[in-house]
>>> print(open('entry10.tsv').read())   # TSV, C-alpha atoms and all ligand atoms
chain	number	residue	atom	x	y	z
V	1046	MET	CA	-31.78	-4.71	10.36
V	1047	ASN	CA	-33.64	-7.99	9.86
V	1048	SER	CA	-37.43	-8.36	9.44
V	1049	GLU	CA	-37.91	-9.35	13.07
V	1050	ASN	CA	-36.26	-6.14	14.22
V	1051	PHE	CA	-38.40	-4.14	11.84
V	1052	SER	CA	-41.58	-5.55	13.34
V	1053	ILE	CA	-40.30	-4.97	16.86
V	1054	SER	CA	-39.62	-1.37	15.84
V	1055	GLU	CA	-43.30	-0.91	15.05
V	1056	LYS	CA	-43.84	-0.77	18.78
V	1057	ILE	CA	-41.65	2.30	18.94
V	1058	VAL	CA	-42.57	4.27	15.80
V	1059	SER	CA	-45.57	4.05	13.50
V	1060	ALA	CA	-46.00	1.03	11.24
V	1061	SER	CA	-46.06	3.21	8.10
V	1062	ASN	CA	-42.66	4.68	8.98
V	1063	ILE	CA	-41.29	1.22	9.48
V	1064	ARG	CA	-42.76	0.08	6.16
V	1065	GLN	CA	-40.96	2.91	4.38
V	1066	GLY	CA	-37.76	2.07	6.14
V	1067	SER	CA	-37.95	-1.60	5.36
V	1068	GLN	CA	-38.67	-0.90	1.68
V	1069	ALA	CA	-35.61	1.32	1.44
V	1070	HIS	CA	-33.65	-1.35	3.24
V	1071	ARG	CA	-34.81	-4.01	0.80
V	1072	SER	CA	-33.81	-2.03	-2.29
V	1073	HIS	CA	-30.45	-1.32	-0.68
V	1074	GLU	CA	-29.97	-5.01	-0.07
V	1075	GLN	CA	-30.77	-5.78	-3.67
V	1076	LEU	CA	-27.99	-3.46	-4.79
V	1077	ILE	CA	-25.55	-5.18	-2.49
V	1078	ARG	CA	-26.68	-8.63	-3.64
V	1079	LYS	CA	-26.13	-7.61	-7.26
V	1080	LEU	CA	-22.68	-6.26	-6.47
V	1081	LEU	CA	-21.70	-9.48	-4.68
V	1082	ASP	CA	-23.18	-11.60	-7.42
V	1083	GLN	CA	-21.68	-9.80	-10.43
V	1084	GLY	CA	-18.67	-7.98	-9.03
V	1085	LYS	CA	-19.32	-5.16	-11.49
V	1086	CYS	CA	-19.54	-1.42	-11.13
V	1087	PRO	CA	-23.25	-0.60	-10.86
V	1088	GLU	CA	-24.68	1.19	-13.88
V	1089	GLU	CA	-26.27	3.86	-11.73
V	1090	GLY	CA	-24.42	5.24	-8.75
V	1091	TRP	CA	-25.51	4.35	-5.24
V	1092	ASN	CA	-26.77	7.72	-4.27
V	1093	GLU	CA	-27.41	6.87	-0.66
V	1094	MET	CA	-23.72	6.29	-0.19
V	1095	ALA	CA	-22.28	9.68	-1.11
V	1096	SER	CA	-18.61	10.01	-1.85
V	1097	SER	CA	-18.57	12.63	0.86
V	1098	LEU	CA	-18.06	9.52	2.98
V	1099	VAL	CA	-14.57	9.19	1.55
V	1100	ALA	CA	-13.96	12.89	1.97
V	1101	ARG	CA	-14.99	12.75	5.60
V	1102	ARG	CA	-13.03	9.57	6.24
V	1103	HIS	CA	-9.89	11.42	5.16
V	1104	TYR	CA	-10.72	14.85	6.52
V	1105	ARG	CA	-10.90	16.08	2.91
V	1106	LEU	CA	-7.21	15.39	2.36
V	1107	ILE	CA	-7.17	13.72	-1.00
V	1108	HIS	CA	-4.00	14.24	-2.94
V	1109	GLY	CA	-1.72	12.45	-0.51
V	1110	ILE	CA	2.03	12.72	-0.18
V	1111	GLY	CA	5.06	11.30	-1.89
V	1112	ARG	CA	3.42	11.23	-5.30
V	1113	SER	CA	6.54	12.50	-7.05
V	1114	GLY	CA	8.50	9.48	-5.84
V	1115	ASP	CA	10.07	11.07	-2.81
V	1116	ILE	CA	8.17	10.51	0.38
V	1117	ALA	CA	9.69	13.55	2.03
V	1118	ALA	CA	9.13	15.99	-0.82
V	1119	ILE	CA	6.61	18.78	-0.35
V	1120	GLN	CA	3.63	18.26	-2.63
V	1121	PRO	CA	2.63	21.61	-4.14
V	1122	LYS	CA	-0.96	20.53	-4.78
V	1123	ALA	CA	-1.34	19.09	-1.30
V	1124	ALA	CA	-0.12	21.64	1.14
V	1125	GLY	CA	-2.28	20.29	3.95
V	1126	SER	CA	-1.18	16.68	3.48
V	1127	SER	CA	2.44	17.69	3.18
V	1128	LEU	CA	2.22	19.71	6.35
V	1129	LEU	CA	0.52	16.88	8.20
V	1130	SER	CA	3.06	14.40	6.93
V	1131	LYS	CA	5.99	16.53	8.08
V	1132	LEU	CA	4.31	17.12	11.39
V	1133	THR	CA	3.57	13.42	11.82
V	1134	ASN	CA	7.14	12.42	11.11
V	1135	SER	CA	8.40	15.09	13.44
V	1136	VAL	CA	6.06	14.09	16.26
V	1137	VAL	CA	6.84	10.41	15.75
V	1138	LEU	CA	10.57	11.16	15.82
V	1139	ASP	CA	10.02	12.94	19.08
V	1140	MET	CA	8.22	9.89	20.46
V	1141	LEU	CA	11.03	7.56	19.37
V	1142	LYS	CA	13.50	9.76	21.24
V	1143	LEU	CA	11.23	9.89	24.22
V	1144	SER	CA	10.96	6.10	24.17
V	1145	GLY	CA	14.70	5.68	24.46
V	1146	VAL	CA	16.49	6.15	21.15
V	1147	GLN	CA	17.75	9.67	21.84
V	1148	SER	CA	20.12	9.85	18.90
V	1149	VAL	CA	17.62	8.85	16.20
V	1150	ALA	CA	18.06	11.36	13.37
V	1151	SER	CA	15.20	10.70	11.01
V	1152	CYS	CA	12.05	8.68	10.56
V	1153	PHE	CA	9.23	8.16	8.09
V	1154	VAL	CA	5.76	6.84	8.54
V	1155	VAL	CA	5.00	4.54	5.60
V	1156	PRO	CA	1.63	3.05	4.56
V	1157	MET	CA	2.85	-0.53	4.79
V	1158	ALA	CA	3.04	-3.11	7.53
V	1159	THR	CA	6.32	-3.99	9.23
V	1160	GLY	CA	7.33	-6.82	6.90
V	1161	MET	CA	6.93	-4.75	3.75
V	1162	SER	CA	8.78	-1.87	5.36
V	1163	LEU	CA	11.70	-4.20	6.08
V	1164	THR	CA	11.61	-5.24	2.41
V	1165	LEU	CA	11.84	-1.59	1.45
V	1166	CYS	CA	14.89	-1.13	3.69
V	1167	PHE	CA	16.63	-4.12	2.10
V	1168	LEU	CA	15.85	-2.87	-1.41
V	1169	THR	CA	17.10	0.60	-0.55
V	1170	LEU	CA	20.36	-0.84	0.73
V	1171	ARG	CA	20.86	-2.83	-2.45
V	1172	HIS	CA	21.40	0.29	-4.50
V	1173	LYS	CA	24.54	1.02	-2.57
V	1174	ARG	CA	26.38	-2.13	-3.55
V	1175	PRO	CA	24.58	-4.39	-6.03
V	1176	LYS	CA	26.81	-7.40	-5.31
V	1177	TRP	CA	25.33	-7.96	-1.87
V	1178	ARG	CA	23.30	-11.14	-1.79
V	1179	TYR	CA	23.01	-12.59	1.68
V	1180	ILE	CA	21.18	-11.41	4.75
V	1181	ILE	CA	22.42	-12.78	8.05
V	1182	TRP	CA	19.38	-13.41	10.19
V	1183	PRO	CA	19.39	-14.69	13.77
V	1184	ARG	CA	16.31	-16.86	13.63
V	1185	ILE	CA	12.92	-15.65	14.83
V	1186	ASP	CA	9.78	-17.65	14.16
V	1187	GLN	CA	7.71	-14.96	12.54
V	1188	LYS	CA	6.93	-15.44	8.89
V	1189	SER	CA	6.76	-11.76	7.82
V	1190	CYS	CA	10.43	-11.28	8.68
V	1191	PHE	CA	11.41	-14.19	6.50
V	1192	LYS	CA	9.15	-13.15	3.64
V	1193	ALA	CA	10.55	-9.63	3.81
V	1194	MET	CA	13.97	-10.94	2.79
V	1195	ILE	CA	12.71	-13.38	0.16
V	1196	THR	CA	10.45	-10.76	-1.41
V	1197	ALA	CA	13.36	-8.37	-1.72
V	1198	GLY	CA	15.25	-11.10	-3.59
V	1199	PHE	CA	17.91	-11.91	-1.00
V	1200	GLU	CA	19.07	-15.16	0.49
V	1201	PRO	CA	18.51	-15.42	4.23
V	1202	VAL	CA	21.39	-17.03	6.11
V	1203	VAL	CA	19.61	-18.37	9.16
V	1204	VAL	CA	21.63	-18.39	12.36
V	1205	GLU	CA	20.08	-20.63	15.03
V	1206	ASN	CA	19.97	-19.20	18.53
V	1207	ILE	CA	21.72	-20.86	21.44
V	1208	LEU	CA	20.08	-21.92	24.68
V	1209	GLU	CA	21.54	-20.11	27.69
V	1210	GLY	CA	19.74	-21.14	30.88
V	1211	ASP	CA	16.13	-21.01	29.72
V	1212	GLU	CA	16.72	-18.27	27.16
V	1213	LEU	CA	17.36	-18.48	23.43
V	1214	ARG	CA	20.07	-15.95	22.60
V	1215	THR	CA	22.01	-14.75	19.55
V	1216	ASP	CA	24.84	-17.06	18.57
V	1217	LEU	CA	27.50	-14.41	18.02
V	1218	GLU	CA	30.20	-16.91	17.16
V	1219	VAL	CA	28.22	-18.31	14.25
V	1220	VAL	CA	27.31	-14.79	13.06
V	1221	ASP	CA	30.99	-13.85	13.08
V	1222	ARG	CA	31.95	-17.02	11.25
V	1223	LYS	CA	29.26	-16.44	8.58
V	1224	MET	CA	30.48	-12.89	8.06
V	1225	GLN	CA	33.98	-14.16	7.35
V	1226	GLU	CA	32.91	-17.19	5.30
V	1227	LEU	CA	30.52	-15.30	3.04
V	1228	GLY	CA	32.70	-12.20	2.84
V	1229	ALA	CA	31.43	-8.78	3.86
V	1230	GLU	CA	31.24	-7.69	0.23
V	1231	ASN	CA	28.56	-10.34	-0.42
V	1232	ILE	CA	26.41	-9.58	2.60
V	1233	LEU	CA	23.57	-7.09	2.21
V	1234	CYS	CA	23.06	-6.69	5.94
V	1235	VAL	CA	22.44	-8.26	9.30
V	1236	HIS	CA	18.74	-8.42	10.06
V	1237	SER	CA	18.28	-8.56	13.82
V	1238	THR	CA	15.21	-8.53	16.06
V	1239	THR	CA	14.44	-6.84	19.36
V	1240	SER	CA	10.80	-7.59	20.20
V	1241	CYS	CA	10.02	-11.30	20.35
V	1242	PHE	CA	8.33	-13.98	22.42
V	1243	ALA	CA	9.99	-16.06	25.14
V	1244	PRO	CA	12.02	-18.19	25.28
V	1245	ARG	CA	13.76	-16.12	22.58
V	1246	VAL	CA	15.14	-12.89	23.97
V	1247	PRO	CA	16.10	-9.73	22.04
V	1248	ASP	CA	19.22	-10.08	19.92
V	1249	ARG	CA	22.54	-8.94	21.32
V	1250	LEU	CA	22.34	-5.67	19.49
V	1251	GLU	CA	25.45	-4.01	20.86
V	1252	LYS	CA	27.61	-6.93	19.83
V	1253	LEU	CA	25.94	-7.33	16.43
V	1254	ALA	CA	26.21	-3.58	15.76
V	1255	THR	CA	29.90	-3.64	16.73
V	1256	MET	CA	30.57	-6.53	14.37
V	1257	CYS	CA	28.67	-4.76	11.57
V	1258	ALA	CA	30.80	-1.65	12.07
V	1259	LYS	CA	33.97	-3.75	12.12
V	1260	TYR	CA	33.21	-5.55	8.85
V	1261	ASP	CA	31.40	-2.62	7.23
V	1262	ILE	CA	28.11	-4.51	6.93
V	1263	PRO	CA	24.78	-2.66	7.13
V	1264	HIS	CA	22.42	-3.51	9.97
V	1265	VAL	CA	18.61	-3.43	9.90
V	1266	VAL	CA	16.69	-4.01	13.14
V	1267	ASN	CA	13.17	-5.41	13.30
V	1268	ASN	CA	11.69	-3.56	16.26
V	1269	ALA	CA	8.07	-4.61	15.47
V	1270	TYR	CA	6.50	-3.96	18.85
V	1271	GLY	CA	9.58	-2.62	20.60
V	1272	VAL	CA	8.75	1.08	20.91
V	1273	GLN	CA	6.72	0.44	24.01
V	1274	SER	CA	9.57	-1.59	25.51
V	1275	SER	CA	12.29	0.50	27.14
V	1276	LYS	CA	14.55	-2.53	26.94
V	1277	CYS	CA	14.25	-2.82	23.16
V	1278	MET	CA	14.71	0.91	22.67
V	1279	HIS	CA	17.72	0.95	24.96
V	1280	LEU	CA	19.30	-1.86	22.94
V	1281	ILE	CA	18.85	0.13	19.73
V	1282	GLN	CA	20.28	3.27	21.27
V	1283	GLN	CA	23.30	1.40	22.61
V	1284	GLY	CA	23.80	-0.51	19.36
V	1285	ALA	CA	23.88	2.72	17.38
V	1286	ARG	CA	26.22	4.33	19.92
V	1287	VAL	CA	28.86	1.63	19.94
V	1288	GLY	CA	28.39	0.18	16.46
V	1289	ARG	CA	26.30	0.32	13.34
V	1290	ILE	CA	22.53	0.40	12.87
V	1291	ASP	CA	21.29	1.68	9.52
V	1292	ALA	CA	17.58	1.40	10.12
V	1293	PHE	CA	15.10	0.13	12.65
V	1294	VAL	CA	11.51	-0.63	11.77
V	1295	GLN	CA	8.45	-0.64	13.98
V	1296	SER	CA	4.78	-1.29	13.51
V	1297	LEU	CA	2.31	1.58	13.88
V	1298	ASP	CA	-0.55	-0.55	15.16
V	1299	LYS	CA	1.50	-2.50	17.68
V	1300	ASN	CA	2.96	0.64	19.16
V	1301	PHE	CA	0.55	3.48	18.53
V	1302	MET	CA	-2.92	1.94	18.72
V	1303	VAL	CA	-3.96	2.66	15.16
V	1304	PRO	CA	-5.36	0.23	12.58
V	1305	VAL	CA	-3.00	-2.22	10.90
V	1306	GLY	CA	-1.22	-1.06	7.79
V	1307	GLY	CA	1.48	1.40	8.76
V	1308	ALA	CA	5.04	1.33	10.02
V	1309	ILE	CA	7.83	3.66	10.97
V	1310	ILE	CA	11.21	3.35	9.34
V	1311	ALA	CA	13.78	5.18	11.44
V	1312	GLY	CA	17.51	5.64	11.24
V	1313	PHE	CA	20.53	7.54	12.33
V	1314	ASN	CA	21.15	9.38	9.08
V	1315	GLU	CA	18.66	10.82	6.62
V	1316	SER	CA	19.06	8.54	3.64
V	1317	PHE	CA	15.71	6.93	3.00
V	1318	ILE	CA	13.69	7.89	0.02
V	1319	GLN	CA	10.60	5.90	-0.64
V	1320	GLU	CA	7.48	5.79	-2.63
V	1321	ILE	CA	4.19	6.15	-0.94
V	1322	THR	CA	0.61	6.06	-2.07
V	1323	SER	CA	-2.61	6.85	-0.35
V	1324	ALA	CA	-3.09	4.89	2.85
V	1325	SER	CA	-6.20	2.93	1.97
V	1326	PRO	CA	-6.72	2.83	-1.77
V	1327	PHE	CA	-8.91	-0.26	-1.96
V	1328	LEU	CA	-11.78	0.87	0.17
V	1329	ASP	CA	-11.69	4.38	-1.20
V	1330	VAL	CA	-11.80	3.41	-4.82
V	1331	LEU	CA	-14.63	0.95	-4.13
V	1332	ILE	CA	-16.74	3.50	-2.32
V	1333	THR	CA	-16.01	6.13	-4.94
V	1334	LEU	CA	-16.89	3.90	-7.88
V	1335	LEU	CA	-20.07	2.67	-6.21
V	1336	THR	CA	-21.01	6.27	-5.61
V	1337	LEU	CA	-20.39	7.44	-9.15
V	1338	GLY	CA	-21.69	4.39	-10.97
V	1339	ALA	CA	-20.45	3.64	-14.48
V	1340	SER	CA	-22.63	6.40	-15.90
V	1341	GLY	CA	-21.27	8.95	-13.47
V	1342	TYR	CA	-17.73	8.01	-14.29
V	1343	ARG	CA	-18.41	8.15	-17.99
V	1344	LYS	CA	-19.95	11.55	-17.54
V	1345	LEU	CA	-16.80	12.77	-15.84
V	1346	LEU	CA	-14.73	11.41	-18.70
V	1347	SER	CA	-16.87	13.20	-21.22
V	1348	GLU	CA	-16.54	16.42	-19.31
V	1349	ARG	CA	-12.84	16.41	-20.02
V	1350	LYS	CA	-13.24	18.60	-23.05
V	1351	PRO	CA	-11.14	17.55	-26.02
V	1352	GLY	CA	-9.75	20.39	-28.07
V	1353	PHE	CA	-11.02	19.30	-31.49
V	1354	GLU	CA	-14.11	19.14	-33.58
V	1355	LEU	CA	-16.40	16.26	-32.72
V	1356	GLY	CA	-18.63	13.95	-34.63
V	1357	THR	CA	-20.38	10.96	-33.15
V	1358	VAL	CA	-19.82	7.46	-34.42
V	1359	VAL	CA	-21.79	4.38	-33.63
V	1360	THR	CA	-19.98	1.08	-33.76
V	1361	PRO	CA	-21.31	-2.41	-33.23
V	1362	LEU	CA	-20.09	-3.73	-29.91
V	1363	ALA	CA	-16.45	-4.48	-30.69
V	1364	PRO	CA	-14.49	-3.96	-27.53
V	1365	ARG	CA	-11.12	-4.41	-29.18
V	1366	CYS	CA	-11.70	-1.76	-31.81
V	1367	ILE	CA	-8.83	0.73	-31.60
V	1368	ALA	CA	-11.15	3.52	-32.57
V	1369	LEU	CA	-12.71	3.11	-29.14
V	1370	ASP	CA	-9.44	4.24	-27.60
V	1371	ARG	CA	-9.94	7.55	-29.37
V	1372	CYS	CA	-13.43	8.12	-28.06
V	1373	ALA	CA	-13.84	11.38	-26.24
V	1374	SER	CA	-16.95	9.87	-24.68
V	1375	ARG	CA	-18.86	6.62	-24.94
V	1376	GLU	CA	-22.38	5.45	-24.35
V	1377	TYR	CA	-23.29	1.82	-24.28
V	1378	SER	CA	-26.53	0.35	-25.51
V	1379	LYS	CA	-27.24	-3.32	-25.77
V	1380	HIS	CA	-25.88	-3.68	-29.31
V	1381	ALA	CA	-23.67	-0.70	-29.91
V	1382	ILE	CA	-21.24	1.72	-28.46
V	1383	TYR	CA	-21.93	5.32	-29.22
V	1384	CYS	CA	-18.47	6.72	-29.48
V	1385	THR	CA	-17.73	10.39	-29.87
V	1386	ILE	CA	-14.54	10.82	-31.87
V	1387	PRO	CA	-12.86	13.65	-33.75
V	1388	ARG	CA	-14.55	14.08	-37.11
V	1389	HIS	CA	-11.23	13.84	-38.95
V	1390	SER	CA	-9.74	11.15	-36.77
V	1391	LYS	CA	-7.04	9.12	-38.49
V	1392	ALA	CA	-8.34	6.03	-36.71
V	1393	ILE	CA	-11.45	5.93	-38.83
V	1394	ASP	CA	-11.70	5.15	-42.51
V	1395	VAL	CA	-14.92	7.00	-43.19
V	1396	GLU	CA	-15.39	5.82	-46.76
V	1397	ASN	CA	-15.01	2.16	-45.95
V	1398	GLN	CA	-16.56	2.61	-42.57
V	1399	THR	CA	-13.82	0.71	-40.77
V	1400	CYS	CA	-11.16	1.33	-38.18
V	1401	LYS	CA	-7.82	1.90	-39.85
V	1402	GLY	CA	-4.96	-0.46	-39.16
V	1403	ASP	CA	-6.95	-2.75	-36.90
V	1404	GLU	CA	-7.73	-6.23	-38.17
V	1405	ASN	CA	-9.58	-7.12	-35.03
V	1406	CYS	CA	-12.08	-4.44	-35.70
V	1407	SER	CA	-14.19	-4.72	-38.80
V	1408	CYS	CA	-16.95	-2.69	-37.27
V	1409	LEU	CA	-19.31	-0.59	-39.27
V	1410	LEU	CA	-19.27	3.04	-38.43
V	1411	TYR	CA	-22.07	5.50	-38.80
V	1412	TRP	CA	-22.09	9.20	-38.37
V	1413	LYS	CA	-24.72	10.22	-35.94
V	1414	PHE	CA	-25.66	13.84	-35.44
T	1501	LIG	C1	4.23	-8.37	13.97
T	1501	LIG	C2	5.62	-8.73	13.67
T	1501	LIG	C3	6.13	-8.69	12.37
T	1501	LIG	C4	5.31	-8.40	11.17
T	1501	LIG	O1	4.53	-7.33	11.23
T	1501	LIG	P1	3.56	-6.90	10.02
T	1501	LIG	O2	3.23	-5.52	10.40
T	1501	LIG	O3	2.40	-7.84	10.05
T	1501	LIG	O4	4.35	-7.04	8.76
T	1501	LIG	C5	7.44	-9.00	12.17
T	1501	LIG	N1	8.23	-9.35	13.19
T	1501	LIG	C6	7.79	-9.40	14.46
T	1501	LIG	C7	8.72	-9.78	15.54
T	1501	LIG	C8	6.47	-9.10	14.73
T	1501	LIG	O5	6.01	-9.15	15.98
>>> encode(input="entry10.tsv", output="structure tokens", more="lines below")
Ligand SMILES: *Cc1c(COP(=O)(O)O)cnc(C)c1O
Amino acid sequence: MNSENFSISEKIVSASNIRQGSQAHRSHEQLIRKLLDQGKCPEEGWNEMASSLVARRHYRLIHGIGRSGDIAAIQPKAAGSSLLSKLTNSVVLDMLKLSGVQSVASCFVVPMATGMSLTLCFLTLRHKRPKWRYIIWPRIDQKSCFKAMITAGFEPVVVENILEGDELRTDLEVVDRKMQELGAENILCVHSTTSCFAPRVPDRLEKLATMCAKYDIPHVVNNAYGVQSSKCMHLIQQGARVGRIDAFVQSLDKNFMVPVGGAIIAGFNESFIQEITSASPFLDVLITLLTLGASGYRKLLSERKPGFELGTVVTPLAPRCIALDRCASREYSKHAIYCTIPRHSKAIDVENQTCKGDENCSCLLYWKF
């Protein structure tokens, strides 16, 4: 609230209440200004922004899923998240069927946008035959699709569309020729697109899928906003029925009215294993660190009880001192770091008061009890 609004508010509640509010507001603003200015974790935590905010934002589901490297694995420490993840995938699969791809066998919701999810599909395919280099791509003017292939390290072979009436359609002849010229064994996949803007129309999926089956070339379909289009979904269903589709990828936000940052990777056999992390790590870690403050975080570190005898050492501020890596806890003053280390630590040469084996660190060490 700005100062004008504060004074207007005095008409509604008493001036002394408003004064209190505006003081609190000012000190809050100072914290924010300092954060913007310095970009550093505040020394003292922002207690008015409790980390319960993060907990509430995620319904107290913290551990996440897929942390062992397999997105579909049950996470023993996160029964609730695992259950929700399974349920979500199952419900989403149901919706994909309901939207027209009746024979879809498996799907995963991933915390990445469509382009990155396509990249993941390409990388997953690579493990099957490492020689594959090219991706045949009927052109669509959307940069994420292109970047998805480049990022995965493949060479897009762009096939221009042909004008039929007032529609731009897949040039099947050129696709066929490229498949033969390049050799199926060198082609990672065909990367086709359903949802797109006029004058381009959806790729001829049945024909492409048939050719992929014929030459034994994998086929990944970009179905970015196609779930809500019965035409796109029908094309995928038909393509998979008569030919080969390995995966089709769709955006969560474009199809399911949720914030940007998720996608569904679906396919006709259950062969996708992916890594996944928490859905919104940036915001969460920022809020959490602001809440704890450096001192709060340090306190947590020190609460991790080491299993050995402790003495406390004070070193001059020497951030590269290896002894600091051995600190069980640290406190910073202006000129020194108070570092709690094991009394008999091999990192410290007590007699010479130096850190052993570390030329960068000629710090003096003092016992402090
Ligand atoms: C939106 C869109 C993408 C990219 O989606 P992101 O989720 O931003 O990666 C790719 N292809 C098409 C056709 C799209 O409409």
>>> atom_distance(input="entry10.tsv", atom1="atom CA of Asp1186 of chain V", atom2="atom CA of Pro1304 of chain V")
23.5 Å
>>> residues_around(input="entry10.tsv", residues="Gln1283 of chain V", least_positions_apart="5", cutoff="12 Å", atoms="all atoms listed in the file", output="PyMOL selection string")
chain V and resi 1145-1149+1249-1255+1275-1278+1288-1290
>>> closest_residue(input="entry10.tsv", among="V:Gly1160, V:Pro1244, V:Gly1284, V:Pro1175", to="ligand LIG 1501 (chain T)", atoms="all atoms listed in the file")
V:Gly1160
>>> residues_near_ligand(input="entry10.tsv", ligand="ligand LIG 1501 (chain T)", cutoff="12 Å", atoms="all atoms listed in the file", output="PyMOL selection string")
chain V and resi 1155-1165+1183-1194+1236-1243+1245-1248+1266-1272+1277+1293-1300+1303-1310
>>> closest_residue(input="entry10.tsv", among="V:Val1204, V:Ile1053, V:Cys1257, V:Leu1233", to="Arg1171 of chain V", atoms="all atoms listed in the file")
V:Leu1233
>>> atom_distance(input="entry10.tsv", atom1="atom CA of Gln1083 of chain V", atom2="atom CA of Leu1098 of chain V")
23.8 Å
>>> decode(input="entry10.tsv", residues="segment 1223-1229 of chain V", atoms="all heavy atoms", output="mmCIF file, in the first residue's frame")
data_model
loop_
_atom_site.group_PDB
_atom_site.id
_atom_site.type_symbol
_atom_site.label_atom_id
_atom_site.label_comp_id
_atom_site.auth_asym_id
_atom_site.auth_seq_id
_atom_site.Cartn_x
_atom_site.Cartn_y
_atom_site.Cartn_z
ATOM 1 N N LYS V 1223 14.064 -38.468 -47.732
ATOM 2 C CA LYS V 1223 15.058 -38.236 -46.671
ATOM 3 C C LYS V 1223 15.334 -39.528 -45.899
ATOM 4 O O LYS V 1223 16.468 -39.819 -45.523
ATOM 5 C CB LYS V 1223 14.570 -37.160 -45.687
ATOM 6 C CG LYS V 1223 14.522 -35.764 -46.272
ATOM 7 C CD LYS V 1223 15.900 -35.148 -46.387
ATOM 8 C CE LYS V 1223 15.822 -33.756 -46.988
ATOM 9 N NZ LYS V 1223 17.120 -33.313 -47.539
ATOM 10 N N MET V 1224 14.271 -40.280 -45.641
ATOM 11 C CA MET V 1224 14.442 -41.525 -44.890
ATOM 12 C C MET V 1224 15.389 -42.463 -45.625
ATOM 13 O O MET V 1224 16.249 -43.104 -45.026
ATOM 14 C CB MET V 1224 13.088 -42.209 -44.680
ATOM 15 C CG MET V 1224 12.232 -41.556 -43.613
ATOM 16 S SD MET V 1224 10.609 -42.341 -43.530
ATOM 17 C CE MET V 1224 9.969 -41.625 -42.025
ATOM 18 N N GLN V 1225 15.233 -42.510 -46.960
ATOM 19 C CA GLN V 1225 16.078 -43.407 -47.746
ATOM 20 C C GLN V 1225 17.492 -42.854 -47.900
ATOM 21 O O GLN V 1225 18.469 -43.595 -47.777
ATOM 22 C CB GLN V 1225 15.444 -43.628 -49.122
ATOM 23 C CG GLN V 1225 14.103 -44.325 -48.996
ATOM 24 C CD GLN V 1225 13.567 -44.804 -50.331
ATOM 25 O OE1 GLN V 1225 14.316 -45.287 -51.165
ATOM 26 N NE2 GLN V 1225 12.263 -44.654 -50.526
ATOM 27 N N GLU V 1226 17.581 -41.539 -48.148
ATOM 28 C CA GLU V 1226 18.895 -40.913 -48.322
ATOM 29 C C GLU V 1226 19.769 -41.037 -47.065
ATOM 30 O O GLU V 1226 20.925 -41.404 -47.137
ATOM 31 C CB GLU V 1226 18.731 -39.416 -48.613
ATOM 32 C CG GLU V 1226 18.592 -39.067 -50.075
ATOM 33 C CD GLU V 1226 18.249 -37.589 -50.259
ATOM 34 O OE1 GLU V 1226 18.577 -36.759 -49.361
ATOM 35 O OE2 GLU V 1226 17.649 -37.287 -51.291
ATOM 36 N N LEU V 1227 19.172 -40.683 -45.942
ATOM 37 C CA LEU V 1227 19.946 -40.656 -44.690
ATOM 38 C C LEU V 1227 20.178 -42.066 -44.156
ATOM 39 O O LEU V 1227 21.158 -42.310 -43.453
ATOM 40 C CB LEU V 1227 19.229 -39.808 -43.628
ATOM 41 C CG LEU V 1227 19.026 -38.329 -43.968
ATOM 42 C CD1 LEU V 1227 18.060 -37.680 -42.983
ATOM 43 C CD2 LEU V 1227 20.350 -37.578 -43.947
ATOM 44 N N GLY V 1228 19.251 -42.957 -44.454
ATOM 45 C CA GLY V 1228 19.339 -44.321 -43.950
ATOM 46 C C GLY V 1228 18.676 -44.427 -42.595
ATOM 47 O O GLY V 1228 19.021 -43.667 -41.675
ATOM 48 N N ALA V 1229 17.743 -45.345 -42.462
ATOM 49 C CA ALA V 1229 16.977 -45.469 -41.217
ATOM 50 C C ALA V 1229 17.880 -45.603 -40.001
ATOM 51 O O ALA V 1229 17.576 -45.080 -38.929
ATOM 52 C CB ALA V 1229 16.032 -46.668 -41.310
#
